[in-house]
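Engineer: Compact mmCIF, C-alpha atoms and all ligand atoms, saved as coords-v4.txt, coming up:
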```txt
# COMPACT_ATOMS: atom_id res chain seq x y z
CA MET A 1 -10.98 16.16 -1.94
CA HIS A 2 -8.86 13.07 -2.55
CA LEU A 3 -8.98 10.84 -5.62
CA ASP A 4 -11.50 8.04 -5.78
CA PRO A 5 -9.59 5.35 -7.68
CA VAL A 6 -12.09 2.53 -6.97
CA ALA A 7 -15.74 3.65 -7.13
CA TYR A 8 -18.85 1.50 -7.36
CA VAL A 9 -21.30 3.29 -9.64
CA GLU A 10 -24.59 1.74 -10.72
CA GLY A 11 -23.46 -1.87 -10.53
CA ARG A 12 -20.07 -1.29 -12.14
CA LEU A 13 -16.62 -0.68 -10.75
CA ARG A 14 -14.88 2.43 -12.02
CA VAL A 15 -11.16 2.02 -11.54
CA LEU A 16 -8.20 4.28 -12.32
CA ASP A 17 -5.66 2.18 -14.23
CA GLN A 18 -2.46 2.84 -12.30
CA ARG A 19 -0.29 1.14 -14.91
CA ALA A 20 -0.83 4.06 -17.26
CA LEU A 21 0.00 6.82 -14.78
CA PRO A 22 1.40 9.41 -14.81
CA ASN A 23 1.34 9.82 -18.60
CA GLN A 24 -2.29 8.85 -19.09
CA GLN A 25 -5.37 8.81 -16.89
CA ILE A 26 -7.34 5.79 -18.05
CA TRP A 27 -10.49 4.77 -16.18
CA LEU A 28 -11.53 1.12 -16.49
CA ASP A 29 -15.23 0.34 -16.41
CA LEU A 30 -15.55 -3.14 -14.88
CA SER A 31 -18.87 -4.94 -15.05
CA THR A 32 -17.94 -8.42 -13.76
CA TRP A 33 -16.08 -9.82 -10.74
CA GLN A 34 -13.70 -11.55 -13.13
CA GLN A 35 -12.67 -8.19 -14.60
CA ALA A 36 -12.18 -6.80 -11.11
CA ALA A 37 -10.01 -9.79 -10.13
CA GLU A 38 -7.94 -9.27 -13.26
CA ALA A 39 -7.49 -5.58 -12.42
CA ILE A 40 -6.04 -6.58 -9.04
CA GLU A 41 -3.83 -9.34 -10.43
CA THR A 42 -2.39 -7.19 -13.22
CA MET A 43 -1.78 -4.26 -10.85
CA ALA A 44 -4.19 -1.79 -12.41
CA VAL A 45 -5.38 -1.58 -8.80
CA ARG A 46 -2.66 -1.84 -6.17
CA GLY A 47 -1.74 -0.94 -2.61
CA ALA A 48 -2.93 -3.12 0.25
CA PRO A 49 -6.06 -1.20 1.42
CA LEU A 50 -7.22 -0.44 -2.12
CA ILE A 51 -6.82 -4.09 -3.13
CA GLY A 52 -9.10 -4.97 -0.20
CA VAL A 53 -11.74 -2.46 -1.29
CA ALA A 54 -11.65 -3.62 -4.93
CA ALA A 55 -11.98 -7.26 -3.83
CA ALA A 56 -14.94 -6.36 -1.61
CA TYR A 57 -16.79 -4.78 -4.53
CA ALA A 58 -15.82 -7.69 -6.81
CA LEU A 59 -17.52 -10.04 -4.33
CA ALA A 60 -20.57 -7.82 -4.15
CA MET A 61 -20.81 -8.13 -7.95
CA ALA A 62 -20.35 -11.92 -7.70
CA HIS A 63 -23.13 -12.12 -5.11
CA LYS A 64 -25.58 -10.76 -7.69
CA THR A 65 -24.79 -13.63 -10.07
CA GLY A 66 -24.68 -16.30 -7.36
CA GLU A 67 -20.92 -16.84 -7.73
CA ILE A 68 -19.65 -15.55 -4.39
CA ASN A 69 -17.74 -18.71 -3.35
CA GLU A 70 -16.08 -19.14 -6.71
CA ALA A 71 -15.19 -15.45 -6.83
CA ALA A 72 -13.78 -15.48 -3.28
CA ARG A 73 -11.44 -18.39 -4.09
CA ALA A 74 -10.34 -16.72 -7.35
CA LEU A 75 -9.73 -13.37 -5.65
CA GLU A 76 -7.60 -15.06 -2.98
CA ARG A 77 -5.23 -16.17 -5.72
CA THR A 78 -4.65 -12.68 -7.18
CA ARG A 79 -2.02 -11.26 -4.78
CA PRO A 80 -0.71 -13.27 -1.82
CA THR A 81 0.95 -10.75 0.52
CA ALA A 82 -1.51 -7.90 1.25
CA VAL A 83 -3.67 -9.29 4.06
CA ASN A 84 -6.33 -6.61 3.49
CA LEU A 85 -7.42 -8.71 0.51
CA PHE A 86 -8.16 -11.75 2.70
CA HIS A 87 -9.77 -9.71 5.48
CA ALA A 88 -12.08 -8.00 2.98
CA ILE A 89 -13.03 -11.31 1.36
CA ARG A 90 -13.90 -12.86 4.77
CA ARG A 91 -16.00 -9.85 5.74
CA VAL A 92 -18.02 -9.68 2.53
CA GLU A 93 -18.46 -13.46 2.30
CA ASN A 94 -20.03 -13.52 5.76
CA ALA A 95 -22.11 -10.37 5.42
CA PRO A 96 -25.90 -10.42 4.97
CA ASP A 97 -25.62 -7.53 2.51
CA PRO A 98 -22.34 -7.83 0.55
CA LEU A 99 -22.66 -4.44 -1.16
CA ALA A 100 -23.33 -2.63 2.12
CA GLU A 101 -20.31 -4.41 3.62
CA ALA A 102 -18.10 -3.34 0.69
CA HIS A 103 -19.22 0.28 1.17
CA ALA A 104 -18.54 -0.05 4.92
CA ILE A 105 -15.01 -1.35 4.29
CA LYS A 106 -14.28 1.56 1.97
CA ASN A 107 -15.67 4.15 4.40
CA GLU A 108 -13.75 2.65 7.32
CA GLU A 109 -10.51 2.81 5.32
CA ILE A 110 -11.14 6.46 4.41
CA ALA A 111 -11.68 7.33 8.09
CA ALA A 112 -8.66 5.24 9.14
CA ASN A 113 -6.46 7.20 6.74
CA GLN A 114 -7.49 10.51 8.31
CA ALA A 115 -6.70 9.23 11.79
CA ILE A 116 -3.35 7.77 10.69
CA GLY A 117 -2.43 11.11 9.13
CA ASN A 118 -3.17 12.98 12.35
CA PHE A 119 -1.48 10.46 14.65
CA GLY A 120 1.57 10.32 12.39
CA ALA A 121 1.89 14.10 12.13
CA SER A 122 1.69 14.32 15.93
CA LEU A 123 5.10 12.62 16.02
CA LEU A 124 6.65 15.66 14.30
CA ALA A 125 7.85 18.58 16.41
CA LYS A 126 8.90 20.95 13.60
CA PRO A 127 8.81 21.31 9.81
CA SER A 128 10.34 17.99 8.81
CA THR A 129 12.04 16.08 6.05
CA ILE A 130 10.33 12.71 5.61
CA ILE A 131 11.61 9.89 3.42
CA THR A 132 9.14 7.37 2.06
CA ILE A 133 8.98 4.40 -0.32
CA CYS A 134 6.45 2.98 -2.78
CA SER A 135 2.93 4.30 -3.29
CA THR A 136 0.93 4.91 -0.11
CA GLY A 137 -1.44 7.74 -0.95
CA SER A 138 -4.85 7.97 -2.59
CA LEU A 139 -3.68 5.54 -5.27
CA ALA A 140 -2.98 2.82 -2.72
CA THR A 141 -5.91 3.44 -0.37
CA PRO A 142 -9.41 4.86 -0.77
CA GLY A 143 -8.54 7.89 1.40
CA ILE A 144 -5.63 10.30 1.81
CA GLY A 145 -3.21 7.44 2.29
CA THR A 146 -1.07 5.91 5.02
CA ALA A 147 2.58 7.01 4.93
CA LEU A 148 1.69 9.57 2.27
CA GLY A 149 -1.31 10.54 4.41
CA ILE A 150 1.13 11.48 7.19
CA ILE A 151 3.11 13.55 4.69
CA LYS A 152 -0.05 15.31 3.41
CA THR A 153 -1.31 15.98 6.95
CA ALA A 154 2.11 17.26 8.01
CA PHE A 155 2.05 19.62 5.01
CA GLN A 156 -1.37 20.97 6.03
CA LYS A 157 -0.12 21.56 9.57
CA ASN A 158 3.08 23.30 8.39
CA LEU A 159 5.09 20.36 9.68
CA LEU A 160 6.54 19.33 6.32
CA LYS A 161 9.74 20.78 4.91
CA GLU A 162 10.12 18.25 2.13
CA ALA A 163 9.15 14.71 1.22
CA ILE A 164 11.83 12.48 -0.26
CA LEU A 165 10.42 9.72 -2.45
CA LEU A 166 12.38 6.58 -3.23
CA GLU A 167 11.77 5.75 -6.88
CA THR A 168 10.96 2.14 -5.83
CA ARG A 169 12.41 -0.19 -8.41
CA PRO A 170 11.35 -2.26 -10.20
CA ARG A 171 7.76 -0.98 -10.70
CA LEU A 172 8.66 2.64 -9.82
CA GLN A 173 5.61 3.33 -7.66
CA GLY A 174 7.45 6.19 -5.93
CA LEU A 175 8.56 7.88 -9.13
CA LYS A 176 5.29 7.37 -10.99
CA LEU A 177 2.51 7.31 -8.40
CA ASN A 178 3.61 9.10 -5.21
CA ALA A 179 5.29 11.79 -7.32
CA TRP A 180 2.16 12.25 -9.44
CA GLU A 181 -0.03 12.53 -6.38
CA LEU A 182 2.18 15.01 -4.52
CA SER A 183 2.51 17.10 -7.71
CA GLN A 184 -1.29 17.32 -7.93
CA GLU A 185 -1.41 18.66 -4.37
CA ASN A 186 1.59 21.02 -4.71
CA ILE A 187 3.42 19.34 -1.85
CA PRO A 188 7.21 19.83 -1.96
CA PHE A 189 9.18 16.68 -2.77
CA ARG A 190 12.21 15.27 -4.50
CA VAL A 191 12.75 11.79 -5.92
CA ILE A 192 15.91 9.81 -5.23
CA ALA A 193 17.17 6.48 -6.54
CA ASP A 194 16.58 3.70 -4.01
CA GLY A 195 20.32 3.29 -3.56
CA ALA A 196 20.71 6.99 -2.65
CA ALA A 197 18.80 6.72 0.64
CA ALA A 198 21.88 6.21 2.82
CA ALA A 199 23.77 9.02 1.07
CA PHE A 200 20.80 11.34 1.50
CA MET A 201 20.63 10.60 5.23
CA SER A 202 24.36 11.12 5.53
CA ALA A 203 24.22 14.49 3.76
CA HIS A 204 20.94 15.89 5.13
CA SER A 205 18.99 16.13 8.34
CA VAL A 206 16.07 13.68 8.08
CA ASP A 207 13.37 13.65 10.76
CA MET A 208 11.33 10.58 9.88
CA VAL A 209 11.21 7.65 7.50
CA ALA A 210 7.63 6.51 6.93
CA ALA A 211 6.48 3.42 5.01
CA GLY A 212 3.19 1.64 4.46
CA ALA A 213 2.56 -2.06 4.97
CA ASP A 214 1.07 -5.02 3.19
CA ARG A 215 0.91 -7.30 6.23
CA ILE A 216 1.93 -6.77 9.86
CA ALA A 217 2.44 -9.80 12.10
CA ALA A 218 1.33 -9.81 15.75
CA ASN A 219 4.88 -9.06 16.92
CA GLY A 220 5.14 -6.01 14.61
CA ASP A 221 7.29 -7.59 11.86
CA THR A 222 6.10 -5.84 8.69
CA ALA A 223 5.99 -6.86 5.04
CA ASN A 224 6.12 -3.93 2.65
CA LYS A 225 7.48 -3.09 -0.79
CA ILE A 226 10.91 -4.50 -1.59
CA GLY A 227 13.53 -2.04 -0.37
CA THR A 228 11.74 -1.21 2.87
CA LEU A 229 14.02 -3.48 4.91
CA MET A 230 17.10 -1.76 3.47
CA LEU A 231 15.57 1.63 4.31
CA ALA A 232 14.86 0.49 7.89
CA ILE A 233 18.42 -0.75 8.40
CA VAL A 234 19.85 2.50 7.09
CA SER A 235 17.44 4.55 9.26
CA ASP A 236 18.62 2.57 12.29
CA THR A 237 22.25 3.34 11.45
CA PHE A 238 21.51 7.06 11.18
CA LYS A 239 19.21 7.01 14.28
CA ILE A 240 16.21 8.30 12.31
CA PRO A 241 12.74 7.21 13.51
CA PHE A 242 11.39 4.53 11.19
CA VAL A 243 7.58 4.54 11.18
CA ILE A 244 5.14 2.03 9.68
CA ALA A 245 1.76 3.59 8.85
CA ALA A 246 -1.14 1.20 8.22
CA PRO A 247 -4.78 0.64 9.10
CA THR A 248 -5.58 -2.21 11.49
CA SER A 249 -6.99 -4.08 8.46
CA THR A 250 -3.32 -4.67 7.53
CA ILE A 251 -2.58 -6.47 10.82
CA ASP A 252 -2.60 -10.25 10.59
CA SER A 253 -3.14 -11.16 14.22
CA LYS A 254 -3.11 -14.87 13.42
CA ILE A 255 0.57 -14.97 12.58
CA PRO A 256 3.05 -14.48 15.42
CA SER A 257 5.96 -13.20 13.32
CA GLY A 258 7.03 -12.11 9.85
CA GLU A 259 8.37 -15.57 9.07
CA GLN A 260 4.81 -16.66 8.29
CA ILE A 261 4.15 -13.88 5.75
CA PRO A 262 3.89 -15.18 2.17
CA ILE A 263 6.03 -13.07 -0.13
CA GLU A 264 4.91 -12.66 -3.74
CA GLN A 265 7.56 -13.50 -6.34
CA ARG A 266 7.21 -11.59 -9.58
CA ALA A 267 8.30 -11.97 -13.19
CA ALA A 268 11.92 -11.49 -14.23
CA SER A 269 10.74 -9.08 -16.92
CA GLU A 270 10.17 -6.43 -14.21
CA ILE A 271 13.92 -6.40 -13.59
CA VAL A 272 15.41 -6.94 -17.04
CA GLU A 273 13.07 -4.56 -18.87
CA ILE A 274 12.39 -0.87 -18.42
CA ALA A 275 9.26 0.49 -20.10
CA GLN A 276 8.88 -2.78 -22.05
CA THR A 277 12.42 -2.50 -23.45
CA ARG A 278 14.94 -5.17 -22.55
CA ILE A 279 18.04 -3.56 -21.11
CA ALA A 280 19.84 -6.61 -19.71
CA PRO A 281 21.81 -9.25 -21.61
CA GLU A 282 19.91 -12.42 -22.56
CA ASN A 283 19.81 -15.26 -20.01
CA VAL A 284 20.31 -13.04 -16.97
CA ARG A 285 19.03 -14.83 -13.84
CA VAL A 286 16.83 -12.75 -11.58
CA TRP A 287 15.41 -12.81 -8.02
CA ASN A 288 12.38 -10.54 -7.82
CA PRO A 289 10.37 -10.63 -4.59
CA ALA A 290 7.70 -7.89 -4.51
CA PHE A 291 8.02 -7.38 -0.74
CA ASP A 292 10.43 -7.79 2.15
CA VAL A 293 9.92 -8.14 5.88
CA THR A 294 11.26 -5.53 8.29
CA PRO A 295 11.79 -6.95 11.79
CA ALA A 296 9.88 -5.18 14.55
CA ARG A 297 13.12 -4.19 16.33
CA LEU A 298 13.85 -1.73 13.50
CA ILE A 299 10.40 -0.08 13.70
CA SER A 300 10.18 2.92 16.06
CA HIS A 301 6.40 3.28 15.82
CA ILE A 302 3.44 1.61 14.14
CA VAL A 303 0.80 4.25 13.40
CA THR A 304 -2.76 2.96 12.98
CA GLU A 305 -6.21 4.57 13.21
CA ARG A 306 -6.29 3.35 16.81
CA GLY A 307 -3.22 5.36 17.75
CA VAL A 308 0.57 5.11 17.82
CA PHE A 309 2.12 1.87 19.03
CA ALA A 310 5.70 1.57 20.27
CA PRO A 311 7.87 -1.50 20.88
CA PRO A 312 7.54 -4.13 22.15
CA TYR A 313 4.61 -4.70 19.81
CA ASP A 314 1.79 -7.00 20.81
CA LEU A 315 -0.78 -6.51 18.07
CA GLY A 316 -2.43 -9.90 18.46
CA ALA A 317 -5.65 -8.59 19.98
CA ILE A 318 -6.03 -5.54 17.76
CA ARG A 319 -7.18 -7.11 14.55
CA SER A 320 -9.29 -9.76 16.24
CA SER A 321 -11.46 -7.12 17.87
CA ALA A 322 -11.59 -5.05 14.66
CA GLU A 323 -12.58 -8.01 12.51
CA LYS A 324 -16.30 -8.42 12.18
O1 LIG A 401 2.90 -4.18 -5.30
P1 LIG A 401 2.07 -3.00 -4.94
O2 LIG A 401 2.21 -1.83 -5.88
O3 LIG A 401 0.62 -3.37 -4.70
O4 LIG A 401 2.69 -2.57 -3.53
C1 LIG A 401 2.20 -1.49 -2.82
C2 LIG A 401 2.92 -1.34 -1.52
O5 LIG A 401 3.79 -2.09 -1.15
C3 LIG A 401 2.47 -0.28 -0.63
O6 LIG A 401 3.52 0.44 -0.08
C4 LIG A 401 1.68 -0.96 0.46
O7 LIG A 401 0.67 -1.75 -0.12
C5 LIG A 401 1.12 -0.01 1.40
S1 LIG A 401 -0.37 0.65 0.78
C6 LIG A 401 -0.82 2.01 1.64
```
When written as structure tokens, how does the structure in this file appear?
Ligand code: MRU

Structural biologist:
Amino acid sequence: MHLDPVAYVEGRLRVLDQRALPNQQIWLDLSTWQQAAEAIETMAVRGAPLIGVAAAYALAMAHKTGEINEAARALERTRPTAVNLFHAIRRVENAPDPLAEAHAIKNEEIAANQAIGNFGASLLAKPSTIITICSTGSLATPGIGTALGIIKTAFQKNLLKEAILLETRPRLQGLKLNAWELSQENIPFRVIADGAAAAFMSAHSVDMVAAGADRIAANGDTANKIGTLMLAIVSDTFKIPFVIAAPTSTIDSKIPSGEQIPIEQRAASEIVEIAQTRIAPENVRVWNPAFDVTPARLISHIVTERGVFAPPYDLGAIRSSAEK
């Protein structure tokens, strides 16, 4: 049984505060859509599919107080890159029963994760070493996860030798969240510094690099956590398959390429501080995008719940038919 980090219970949203993990497990009890929006904006809830689910429930709460339009516009301003947020808002806004639609979105994501795990594991021929970045498991989705879902499924099928987690500076989602989740499930892994990825590939046999996604353009260009592009370039150099794992709710069929993906810029404090302690000199200038865009030509496969896609990618029709 996987975690349930965003659960709607008797009119309230029960949310695992990911900012406190792994040292503390704090559950937030949210009773208004404004609190839910704040949880998304402040990254208590994070990961593209989970952000979509939380936003869907926030809108269902807003519907009860007659504030659905206001809430939808406010939720759109919380995080700009993960397209799941916008798809979930559209769906719930247009649904006759917003709460039923929110439940449907969550259930579809859980099922999508299972399928992604199976399709992704089918790409492995033997017990494998898989490198991954950021948080893509049950803390980033409502199910087993996307890239981490492939790793978990591979483990169950005896197709995993070891997972290698990039620590994922600056917010350390790999070190804190993926590592916590794999520890809970006794899945073998090691953590490396982001800058050690090339050295690891040079020194070891690596079978797959798998990453999640926050938005995939119709041509396959993919926005994901900062550092993913570097990992894709290094994978290409070492001829290691580089796989993007994401539900079709992460495909933005309306944009032809990654150039149109809005990239969230985040506070300098994420770079100059570690655990709320300043470690850089004063007046250091910082560039801190939360995501980067990996061009489709570096992506060997895109694994969705509808199957495994290979280049050249033409994902334009996929989302449009999935969108209700
Ligand atoms: O900024 P975050 O923590 O919300 O970023 C999360 C990621 O980039 C994930 O890798 C991505 O959303 C894929 S979620 C399965």

Engineer: Using all atoms of stretch 33-50 of chain A that appear in the file, construct an axis-aligned enclosing box with 5 Å of padding on every side and provide its centre coordinates and edge lengths in Å, rounded to one decimal, as lines of an AutoDock Vina configuration file.

Structural biologist:
```
center_x = -8.9
center_y = -6.0
center_z = -6.6
size_x = 24.3
size_y = 21.1
size_z = 26.0
```

Engineer: Could you list the protein, DNA and RNA residues that have any atom within 7 Å of ligand LIG 401 (chain A), counting all atoms listed in the file, and write them as a list in words?

Structural biologist: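 The residues within 7 Å of ligand LIG 401 (chain A), counting all atoms listed in the file, are Met43, Arg46, Gly47, Ala48, Pro49, Ala82, Ile133, Cys134, Ser135, Thr136, Gly137, Ala140, Thr141, Gly145, Thr146, Ala147, Gln173, Ala211, Gly212, Ala213, Asp214, Asn224, Lys225, Ala246, Ala290 and Phe291 of chain A.
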
Engineer: When you draw a straight line from atom CA of A:Gly120 to atom CA of A:Ile150, how long is it in Å?

Structural biologist: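 One can read the atom CA of A:Gly120 to atom CA of A:Ile150 distance as 5.3 Å.
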
Engineer: So the first atom is atom CA of A:Gly52 and the second is atom CA of A:Leu28; what is the distance between them in Å, to one decimal place?

Structural biologist: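 These two atoms are separated by 17.6 Å.
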
Engineer: Between A:Val293, A:Val206, A:Val15, A:Ala95, which one has atoms that come closest to A:Glu259, using all atoms listed in the file?

Structural biologist: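 Result for the nearest residue to A:Glu259: A:Val293.
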
Engineer: Residues near A:Lys126, anyone? I mean within 12 Å using all atoms listed in the file, not counting same-chain ones fewer than 6 positions away, as a tab-separated table (two decimals) with C-alpha atoms, in the frame of the given file.

Structural biologist:
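Result saved to around09.tsv:
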```tsv
chain	number	residue	atom	x	y	z
A	154	ALA	CA	2.11	17.26	8.01
A	155	PHE	CA	2.05	19.62	5.01
A	157	LYS	CA	-0.12	21.56	9.57
A	158	ASN	CA	3.08	23.30	8.39
A	159	LEU	CA	5.09	20.36	9.68
A	160	LEU	CA	6.54	19.33	6.32
A	161	LYS	CA	9.74	20.78	4.91
A	162	GLU	CA	10.12	18.25	2.13
A	206	VAL	CA	16.07	13.68	8.08
A	207	ASP	CA	13.37	13.65	10.76
A	208	MET	CA	11.33	10.58	9.88
```

Engineer: Let me make sure I understand: among A:Ser183, A:Val284, A:Ala100, A:Leu298, which one has the smallest atom-to-atom distance to A:Ile233 if we use only C-alpha atoms?

Structural biologist: A:Leu298

Engineer: What is the atom CA of A:Val92 to atom CA of A:His63 distance in Å?

Structural biologist: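 Separating atom CA of A:Val92 from atom CA of A:His63 is a distance of 9.5 Å.
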
Engineer: Output stretch 69-89 of chain A with N, CA and C atoms present, as a PDB file, keeping the file's coordinate frame.

Structural biologist:
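The resulting selection-v5.pdb:
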```pdb
ATOM      1  N   ASN A  69     -18.803 -17.786  -3.803  1.00  0.00           N
ATOM      2  CA  ASN A  69     -17.740 -18.710  -3.350  1.00  0.00           C
ATOM      3  C   ASN A  69     -16.639 -18.834  -4.383  1.00  0.00           C
ATOM      4  N   GLU A  70     -17.050 -19.012  -5.615  1.00  0.00           N
ATOM      5  CA  GLU A  70     -16.080 -19.140  -6.710  1.00  0.00           C
ATOM      6  C   GLU A  70     -15.232 -17.859  -6.815  1.00  0.00           C
ATOM      7  N   ALA A  71     -15.906 -16.726  -6.710  1.00  0.00           N
ATOM      8  CA  ALA A  71     -15.190 -15.450  -6.830  1.00  0.00           C
ATOM      9  C   ALA A  71     -14.224 -15.258  -5.657  1.00  0.00           C
ATOM     10  N   ALA A  72     -14.649 -15.647  -4.450  1.00  0.00           N
ATOM     11  CA  ALA A  72     -13.780 -15.480  -3.280  1.00  0.00           C
ATOM     12  C   ALA A  72     -12.499 -16.285  -3.459  1.00  0.00           C
ATOM     13  N   ARG A  73     -12.634 -17.540  -3.919  1.00  0.00           N
ATOM     14  CA  ARG A  73     -11.440 -18.390  -4.090  1.00  0.00           C
ATOM     15  C   ARG A  73     -10.539 -17.804  -5.195  1.00  0.00           C
ATOM     16  N   ALA A  74     -11.142 -17.289  -6.257  1.00  0.00           N
ATOM     17  CA  ALA A  74     -10.340 -16.720  -7.350  1.00  0.00           C
ATOM     18  C   ALA A  74      -9.631 -15.441  -6.895  1.00  0.00           C
ATOM     19  N   LEU A  75     -10.338 -14.611  -6.133  1.00  0.00           N
ATOM     20  CA  LEU A  75      -9.730 -13.370  -5.650  1.00  0.00           C
ATOM     21  C   LEU A  75      -8.570 -13.651  -4.711  1.00  0.00           C
ATOM     22  N   GLU A  76      -8.690 -14.707  -3.906  1.00  0.00           N
ATOM     23  CA  GLU A  76      -7.600 -15.060  -2.980  1.00  0.00           C
ATOM     24  C   GLU A  76      -6.300 -15.380  -3.706  1.00  0.00           C
ATOM     25  N   ARG A  77      -6.431 -15.784  -4.965  1.00  0.00           N
ATOM     26  CA  ARG A  77      -5.230 -16.170  -5.720  1.00  0.00           C
ATOM     27  C   ARG A  77      -4.581 -14.987  -6.448  1.00  0.00           C
ATOM     28  N   THR A  78      -5.176 -13.784  -6.365  1.00  0.00           N
ATOM     29  CA  THR A  78      -4.650 -12.680  -7.180  1.00  0.00           C
ATOM     30  C   THR A  78      -3.326 -12.142  -6.664  1.00  0.00           C
ATOM     31  N   ARG A  79      -3.261 -11.797  -5.367  1.00  0.00           N
ATOM     32  CA  ARG A  79      -2.020 -11.260  -4.780  1.00  0.00           C
ATOM     33  C   ARG A  79      -1.889 -11.873  -3.375  1.00  0.00           C
ATOM     34  N   PRO A  80      -0.780 -12.505  -3.070  1.00  0.00           N
ATOM     35  CA  PRO A  80      -0.710 -13.270  -1.820  1.00  0.00           C
ATOM     36  C   PRO A  80      -0.329 -12.485  -0.564  1.00  0.00           C
ATOM     37  N   THR A  81       0.317 -11.338  -0.676  1.00  0.00           N
ATOM     38  CA  THR A  81       0.950 -10.750   0.520  1.00  0.00           C
ATOM     39  C   THR A  81       0.018  -9.800   1.270  1.00  0.00           C
ATOM     40  N   ALA A  82      -0.670  -8.907   0.577  1.00  0.00           N
ATOM     41  CA  ALA A  82      -1.510  -7.900   1.250  1.00  0.00           C
ATOM     42  C   ALA A  82      -2.670  -8.580   1.973  1.00  0.00           C
ATOM     43  N   VAL A  83      -2.652  -8.541   3.301  1.00  0.00           N
ATOM     44  CA  VAL A  83      -3.670  -9.290   4.060  1.00  0.00           C
ATOM     45  C   VAL A  83      -5.030  -8.594   4.001  1.00  0.00           C
ATOM     46  N   ASN A  84      -5.058  -7.325   3.642  1.00  0.00           N
ATOM     47  CA  ASN A  84      -6.330  -6.610   3.490  1.00  0.00           C
ATOM     48  C   ASN A  84      -7.244  -7.344   2.515  1.00  0.00           C
ATOM     49  N   LEU A  85      -6.650  -7.950   1.495  1.00  0.00           N
ATOM     50  CA  LEU A  85      -7.420  -8.710   0.510  1.00  0.00           C
ATOM     51  C   LEU A  85      -8.201  -9.820   1.206  1.00  0.00           C
ATOM     52  N   PHE A  86      -7.532 -10.588   2.054  1.00  0.00           N
ATOM     53  CA  PHE A  86      -8.160 -11.750   2.700  1.00  0.00           C
ATOM     54  C   PHE A  86      -9.167 -11.300   3.762  1.00  0.00           C
ATOM     55  N   HIS A  87      -8.821 -10.214   4.486  1.00  0.00           N
ATOM     56  CA  HIS A  87      -9.770  -9.710   5.480  1.00  0.00           C
ATOM     57  C   HIS A  87     -11.052  -9.207   4.800  1.00  0.00           C
ATOM     58  N   ALA A  88     -10.907  -8.519   3.683  1.00  0.00           N
ATOM     59  CA  ALA A  88     -12.080  -8.000   2.980  1.00  0.00           C
ATOM     60  C   ALA A  88     -12.941  -9.138   2.433  1.00  0.00           C
ATOM     61  N   ILE A  89     -12.277 -10.159   1.893  1.00  0.00           N
ATOM     62  CA  ILE A  89     -13.030 -11.310   1.360  1.00  0.00           C
ATOM     63  C   ILE A  89     -13.843 -11.966   2.468  1.00  0.00           C
TER      64      ILE A  89
END
```
